Amino acid sequence: MIGRTRQRSRIRKSTLGIIFVNDVYAVYIYVVYGVYMTATTSQKIANAARRLLNKDGAEGVTMRRVATAVGITPMALYRHYPNRDGLLNALADAEFVELSARLATLRLTGGIERQLTKILDIFLDQAFESPRLFELMFLTKREGARQYPEDFRERRSPTANLSADVIARAMETGYFRKDDVWEIVFETGALMQGLVMLYLGGRMAMSPKQFRAFCHRSFGRYFNGIRS
């Protein structure tokens, strides 16, 4: 038993160390510790809501359906989440933390465009693994979602800051023409999100591998347009 406790402590310390890079401690600590501790009622609610979201989309997540899945009354659910919007926001926030963690561990080697393509691939991985969550995070209107331009220029988006830093370095070194860094970040994000939603909506007859290659080519054409 002692050996197990020590091993878990080492894992927690190592995992949490990743997150200190992104300044998103609290939510990720909650997510990480949930792996090692018995699930609380709040965690069970979040897990049930996520299953419903993955199956039926945001419209399928109702307080009554979630309560039934957990085995509690709808009124008891409100002790943990203020309303349906609060529950959906919690799901999106947790996924943003997970995405930020992936980006934090990314090794940015190679040229500028290679680095940006690696970042793109992290987003594509997330979209393939959890398409409904991707839609909730980036395309569903919800209270508290980050807005352009202020939230981005104030670096309140951990998932956008990494791309901004790479693009800024590219401009400083003369690889890209001098321009508005955050406009480019937002434009490339819109390009990626639009292509993903067209693909997930069945508008593109491609395998995942073919779609990824298409996205790489699309970004390559965009980068060619802003290159010095």
# chains A, B, ... in the order shown; residues from 1 in each chain; ligands from 1
$ residues_around --residues "A:Ala168" --least-positions-apart "4" --cutoff "10 Å" --atoms "only C-alpha atoms" --output "mmCIF file with C-alpha atoms, in the first residue's frame"
data_model
loop_
_atom_site.group_PDB
_atom_site.id
_atom_site.type_symbol
_atom_site.label_atom_id
_atom_site.label_comp_id
_atom_site.auth_asym_id
_atom_site.auth_seq_id
_atom_site.Cartn_x
_atom_site.Cartn_y
_atom_site.Cartn_z
ATOM 1 C CA LEU A 162 1.361 29.216 -28.766
ATOM 2 C CA SER A 163 0.471 29.917 -32.406
ATOM 3 C CA ALA A 164 0.745 33.640 -31.746
ATOM 4 C CA GLU A 172 10.650 39.165 -36.247
ATOM 5 C CA THR A 173 12.987 36.974 -38.289
ATOM 6 C CA GLY A 174 11.503 38.123 -41.590
ATOM 7 C CA TYR A 175 9.984 34.779 -42.568
ATOM 8 C CA PHE A 176 6.482 36.277 -42.560
ATOM 9 C CA LYS A 178 5.021 42.246 -40.677
ATOM 10 C CA ASP A 179 1.307 42.180 -39.945
ATOM 11 C CA ASP A 180 -1.227 41.878 -37.143
ATOM 12 C CA VAL A 181 -0.270 38.682 -35.301
ATOM 13 C CA TRP A 182 -3.648 38.170 -33.665
#
$ residues_around --residues "A:Cys215" --least-positions-apart "2" --cutoff "12 Å" --atoms "only C-alpha atoms" --output "PyMOL selection string"
chain A and resi 116-118+120-121+123-124+188-189+191-196+198-199+204+206+208-213+217-222
$ write_last_selection --atoms "N, CA and C atoms" --output "mmCIF file, in the first residue's frame"
data_model
loop_
_atom_site.group_PDB
_atom_site.id
_atom_site.type_symbol
_atom_site.label_atom_id
_atom_site.label_comp_id
_atom_site.auth_asym_id
_atom_site.auth_seq_id
_atom_site.Cartn_x
_atom_site.Cartn_y
_atom_site.Cartn_z
ATOM 1 N N LEU A 116 3.899 25.321 -37.018
ATOM 2 C CA LEU A 116 2.480 25.655 -37.048
ATOM 3 C C LEU A 116 1.630 24.462 -37.472
ATOM 4 N N THR A 117 2.172 23.616 -38.332
ATOM 5 C CA THR A 117 1.452 22.413 -38.741
ATOM 6 C C THR A 117 1.333 21.436 -37.574
ATOM 7 N N LYS A 118 2.363 21.349 -36.736
ATOM 8 C CA LYS A 118 2.290 20.502 -35.545
ATOM 9 C C LYS A 118 1.183 20.983 -34.606
ATOM 10 N N LEU A 120 -1.479 22.680 -35.547
ATOM 11 C CA LEU A 120 -2.718 22.340 -36.239
ATOM 12 C C LEU A 120 -3.109 20.887 -35.978
ATOM 13 N N ASP A 121 -2.139 19.991 -36.020
ATOM 14 C CA ASP A 121 -2.427 18.567 -35.843
ATOM 15 C C ASP A 121 -2.987 18.258 -34.454
ATOM 16 N N PHE A 123 -4.999 20.200 -32.766
ATOM 17 C CA PHE A 123 -6.417 20.562 -32.857
ATOM 18 C C PHE A 123 -7.199 19.526 -33.666
ATOM 19 N N LEU A 124 -6.612 19.038 -34.750
ATOM 20 C CA LEU A 124 -7.287 18.027 -35.559
ATOM 21 C C LEU A 124 -7.464 16.732 -34.770
ATOM 22 N N THR A 188 -6.445 31.887 -39.140
ATOM 23 C CA THR A 188 -6.062 30.480 -39.304
ATOM 24 C C THR A 188 -6.935 29.578 -38.436
ATOM 25 N N GLY A 189 -7.319 30.083 -37.255
ATOM 26 C CA GLY A 189 -8.236 29.315 -36.416
ATOM 27 C C GLY A 189 -9.584 29.129 -37.091
ATOM 28 N N LEU A 191 -10.117 29.171 -40.312
ATOM 29 C CA LEU A 191 -9.909 28.250 -41.422
ATOM 30 C C LEU A 191 -9.975 26.807 -40.927
ATOM 31 N N MET A 192 -9.276 26.531 -39.852
ATOM 32 C CA MET A 192 -9.256 25.180 -39.308
ATOM 33 C C MET A 192 -10.650 24.748 -38.832
ATOM 34 N N GLN A 193 -11.317 25.605 -38.069
ATOM 35 C CA GLN A 193 -12.624 25.252 -37.522
ATOM 36 C C GLN A 193 -13.659 25.072 -38.623
ATOM 37 N N GLY A 194 -13.608 25.935 -39.641
ATOM 38 C CA GLY A 194 -14.547 25.806 -40.747
ATOM 39 C C GLY A 194 -14.368 24.503 -41.503
ATOM 40 N N LEU A 195 -13.118 24.144 -41.781
ATOM 41 C CA LEU A 195 -12.854 22.892 -42.485
ATOM 42 C C LEU A 195 -13.289 21.694 -41.644
ATOM 43 N N VAL A 196 -13.019 21.752 -40.350
ATOM 44 C CA VAL A 196 -13.403 20.640 -39.469
ATOM 45 C C VAL A 196 -14.916 20.450 -39.474
ATOM 46 N N LEU A 198 -17.099 21.344 -41.759
ATOM 47 C CA LEU A 198 -17.534 20.825 -43.054
ATOM 48 C C LEU A 198 -17.270 19.325 -43.139
ATOM 49 N N TYR A 199 -16.128 18.904 -42.622
ATOM 50 C CA TYR A 199 -15.783 17.490 -42.653
ATOM 51 C C TYR A 199 -16.711 16.683 -41.751
ATOM 52 N N MET A 204 -17.372 16.585 -46.938
ATOM 53 C CA MET A 204 -16.102 16.288 -47.588
ATOM 54 C C MET A 204 -15.907 14.778 -47.614
ATOM 55 N N MET A 206 -13.752 12.317 -47.687
ATOM 56 C CA MET A 206 -12.341 12.009 -47.465
ATOM 57 C C MET A 206 -12.198 11.146 -46.228
ATOM 58 N N PRO A 208 -10.038 10.337 -42.719
ATOM 59 C CA PRO A 208 -9.351 11.246 -41.798
ATOM 60 C C PRO A 208 -7.943 11.598 -42.260
ATOM 61 N N LYS A 209 -7.225 10.629 -42.788
ATOM 62 C CA LYS A 209 -5.869 10.886 -43.270
ATOM 63 C C LYS A 209 -5.886 11.851 -44.447
ATOM 64 N N GLN A 210 -6.802 11.675 -45.370
ATOM 65 C CA GLN A 210 -6.912 12.578 -46.520
ATOM 66 C C GLN A 210 -7.321 13.975 -46.078
ATOM 67 N N PHE A 211 -8.237 14.034 -45.122
ATOM 68 C CA PHE A 211 -8.667 15.348 -44.635
ATOM 69 C C PHE A 211 -7.520 16.088 -43.961
ATOM 70 N N ARG A 212 -6.734 15.390 -43.172
ATOM 71 C CA ARG A 212 -5.593 16.026 -42.519
ATOM 72 C C ARG A 212 -4.620 16.584 -43.567
ATOM 73 N N ALA A 213 -4.361 15.805 -44.599
ATOM 74 C CA ALA A 213 -3.468 16.265 -45.660
ATOM 75 C C ALA A 213 -4.049 17.489 -46.366
ATOM 76 N N ARG A 217 -2.365 21.259 -46.692
ATOM 77 C CA ARG A 217 -2.208 22.007 -47.937
ATOM 78 C C ARG A 217 -2.883 23.369 -47.850
ATOM 79 N N SER A 218 -4.049 23.420 -47.226
ATOM 80 C CA SER A 218 -4.763 24.692 -47.088
ATOM 81 C C SER A 218 -3.962 25.690 -46.271
ATOM 82 N N PHE A 219 -3.398 25.219 -45.171
ATOM 83 C CA PHE A 219 -2.574 26.101 -44.348
ATOM 84 C C PHE A 219 -1.306 26.506 -45.098
ATOM 85 N N GLY A 220 -0.749 25.581 -45.886
ATOM 86 C CA GLY A 220 0.426 25.915 -46.677
ATOM 87 C C GLY A 220 0.148 27.031 -47.658
ATOM 88 N N ARG A 221 -1.034 26.999 -48.283
ATOM 89 C CA ARG A 221 -1.387 28.075 -49.215
ATOM 90 C C ARG A 221 -1.560 29.399 -48.472
ATOM 91 N N TYR A 222 -2.142 29.344 -47.284
ATOM 92 C CA TYR A 222 -2.304 30.572 -46.492
ATOM 93 C C TYR A 222 -0.931 31.126 -46.114
#
$ atom_distance --atom1 "atom CA of A:Leu77" --atom2 "atom CA of A:Met63"
7.3 Å
$ decode --residues "stretch 102-144 of chain A" --atoms "N, CA and C atoms" --output "short mmCIF file (atom, residue, chain, number, x, y, z; two decimals), in the first residue's frame"
data_model
loop_
_atom_site.label_atom_id
_atom_site.label_comp_id
_atom_site.auth_asym_id
_atom_site.auth_seq_id
_atom_site.Cartn_x
_atom_site.Cartn_y
_atom_site.Cartn_z
N ARG A 102 -1.97 19.32 -23.90
CA ARG A 102 -1.36 18.71 -25.08
C ARG A 102 -0.41 19.70 -25.77
N LEU A 103 -0.86 20.91 -25.91
CA LEU A 103 -0.02 21.92 -26.57
C LEU A 103 1.23 22.21 -25.75
N ALA A 104 1.11 22.16 -24.42
CA ALA A 104 2.25 22.45 -23.55
C ALA A 104 3.36 21.42 -23.70
N THR A 105 3.00 20.19 -24.09
CA THR A 105 4.00 19.14 -24.22
C THR A 105 4.55 19.03 -25.64
N LEU A 106 4.06 19.86 -26.53
CA LEU A 106 4.46 19.77 -27.94
C LEU A 106 5.89 20.27 -28.13
N ARG A 107 6.71 19.49 -28.84
CA ARG A 107 8.07 19.90 -29.15
C ARG A 107 8.06 20.61 -30.51
N LEU A 108 8.29 21.90 -30.47
CA LEU A 108 8.24 22.70 -31.69
C LEU A 108 9.62 22.73 -32.34
N THR A 109 9.86 21.76 -33.18
CA THR A 109 11.12 21.68 -33.91
C THR A 109 10.85 21.89 -35.40
N GLY A 110 11.91 22.14 -36.14
CA GLY A 110 11.77 22.36 -37.57
C GLY A 110 11.48 23.81 -37.90
N GLY A 111 11.14 24.08 -39.16
CA GLY A 111 10.88 25.44 -39.61
C GLY A 111 9.56 25.98 -39.09
N ILE A 112 9.30 27.24 -39.41
CA ILE A 112 8.10 27.92 -38.93
C ILE A 112 6.83 27.19 -39.35
N GLU A 113 6.74 26.86 -40.61
CA GLU A 113 5.51 26.22 -41.09
C GLU A 113 5.36 24.82 -40.52
N ARG A 114 6.46 24.13 -40.30
CA ARG A 114 6.41 22.83 -39.67
C ARG A 114 5.89 22.95 -38.24
N GLN A 115 6.33 23.97 -37.51
CA GLN A 115 5.86 24.18 -36.14
C GLN A 115 4.36 24.47 -36.12
N LEU A 116 3.90 25.32 -37.02
CA LEU A 116 2.48 25.66 -37.05
C LEU A 116 1.63 24.46 -37.47
N THR A 117 2.17 23.62 -38.33
CA THR A 117 1.45 22.41 -38.74
C THR A 117 1.33 21.44 -37.57
N LYS A 118 2.36 21.35 -36.74
CA LYS A 118 2.29 20.50 -35.55
C LYS A 118 1.18 20.98 -34.61
N ILE A 119 1.07 22.29 -34.46
CA ILE A 119 0.00 22.84 -33.63
C ILE A 119 -1.36 22.51 -34.24
N LEU A 120 -1.48 22.68 -35.55
CA LEU A 120 -2.72 22.34 -36.24
C LEU A 120 -3.11 20.89 -35.98
N ASP A 121 -2.14 19.99 -36.02
CA ASP A 121 -2.43 18.57 -35.84
C ASP A 121 -2.99 18.26 -34.45
N ILE A 122 -2.57 19.01 -33.45
CA ILE A 122 -3.12 18.80 -32.11
C ILE A 122 -4.62 19.12 -32.11
N PHE A 123 -5.00 20.20 -32.77
CA PHE A 123 -6.42 20.56 -32.86
C PHE A 123 -7.20 19.53 -33.67
N LEU A 124 -6.61 19.04 -34.75
CA LEU A 124 -7.29 18.03 -35.56
C LEU A 124 -7.46 16.73 -34.77
N ASP A 125 -6.45 16.36 -34.00
CA ASP A 125 -6.56 15.17 -33.15
C ASP A 125 -7.75 15.31 -32.20
N GLN A 126 -7.86 16.48 -31.59
CA GLN A 126 -8.94 16.71 -30.64
C GLN A 126 -10.30 16.64 -31.34
N ALA A 127 -10.38 17.20 -32.55
CA ALA A 127 -11.63 17.18 -33.29
C ALA A 127 -12.04 15.76 -33.67
N PHE A 128 -11.08 14.93 -34.06
CA PHE A 128 -11.38 13.55 -34.42
C PHE A 128 -11.80 12.73 -33.20
N GLU A 129 -11.14 12.98 -32.07
CA GLU A 129 -11.41 12.19 -30.86
C GLU A 129 -12.74 12.56 -30.21
N SER A 130 -13.06 13.86 -30.19
CA SER A 130 -14.27 14.32 -29.50
C SER A 130 -14.97 15.39 -30.35
N PRO A 131 -15.59 14.99 -31.45
CA PRO A 131 -16.17 15.98 -32.37
C PRO A 131 -17.25 16.85 -31.74
N ARG A 132 -18.09 16.26 -30.90
CA ARG A 132 -19.16 17.05 -30.28
C ARG A 132 -18.59 18.06 -29.29
N LEU A 133 -17.56 17.65 -28.56
CA LEU A 133 -16.91 18.59 -27.64
C LEU A 133 -16.22 19.70 -28.42
N PHE A 134 -15.61 19.36 -29.53
CA PHE A 134 -14.97 20.36 -30.38
C PHE A 134 -15.99 21.41 -30.81
N GLU A 135 -17.15 20.95 -31.22
CA GLU A 135 -18.21 21.88 -31.62
C GLU A 135 -18.64 22.76 -30.46
N LEU A 136 -18.80 22.17 -29.28
CA LEU A 136 -19.18 22.94 -28.09
C LEU A 136 -18.13 23.98 -27.76
N MET A 137 -16.86 23.60 -27.85
CA MET A 137 -15.77 24.50 -27.48
C MET A 137 -15.65 25.69 -28.41
N PHE A 138 -15.73 25.44 -29.71
CA PHE A 138 -15.37 26.48 -30.67
C PHE A 138 -16.53 27.09 -31.45
N LEU A 139 -17.68 26.41 -31.52
CA LEU A 139 -18.71 26.89 -32.43
C LEU A 139 -20.08 27.08 -31.79
N THR A 140 -20.28 26.59 -30.58
CA THR A 140 -21.56 26.77 -29.91
C THR A 140 -21.54 28.06 -29.09
N LYS A 141 -22.55 28.87 -29.25
CA LYS A 141 -22.64 30.11 -28.47
C LYS A 141 -22.88 29.75 -27.01
N ARG A 142 -22.01 30.25 -26.14
CA ARG A 142 -22.16 29.97 -24.72
C ARG A 142 -21.59 31.11 -23.91
N GLU A 143 -22.16 31.31 -22.74
CA GLU A 143 -21.72 32.38 -21.85
C GLU A 143 -20.30 32.13 -21.37
N GLY A 144 -19.47 33.17 -21.40
CA GLY A 144 -18.11 33.06 -20.91
C GLY A 144 -17.10 32.65 -21.96
#
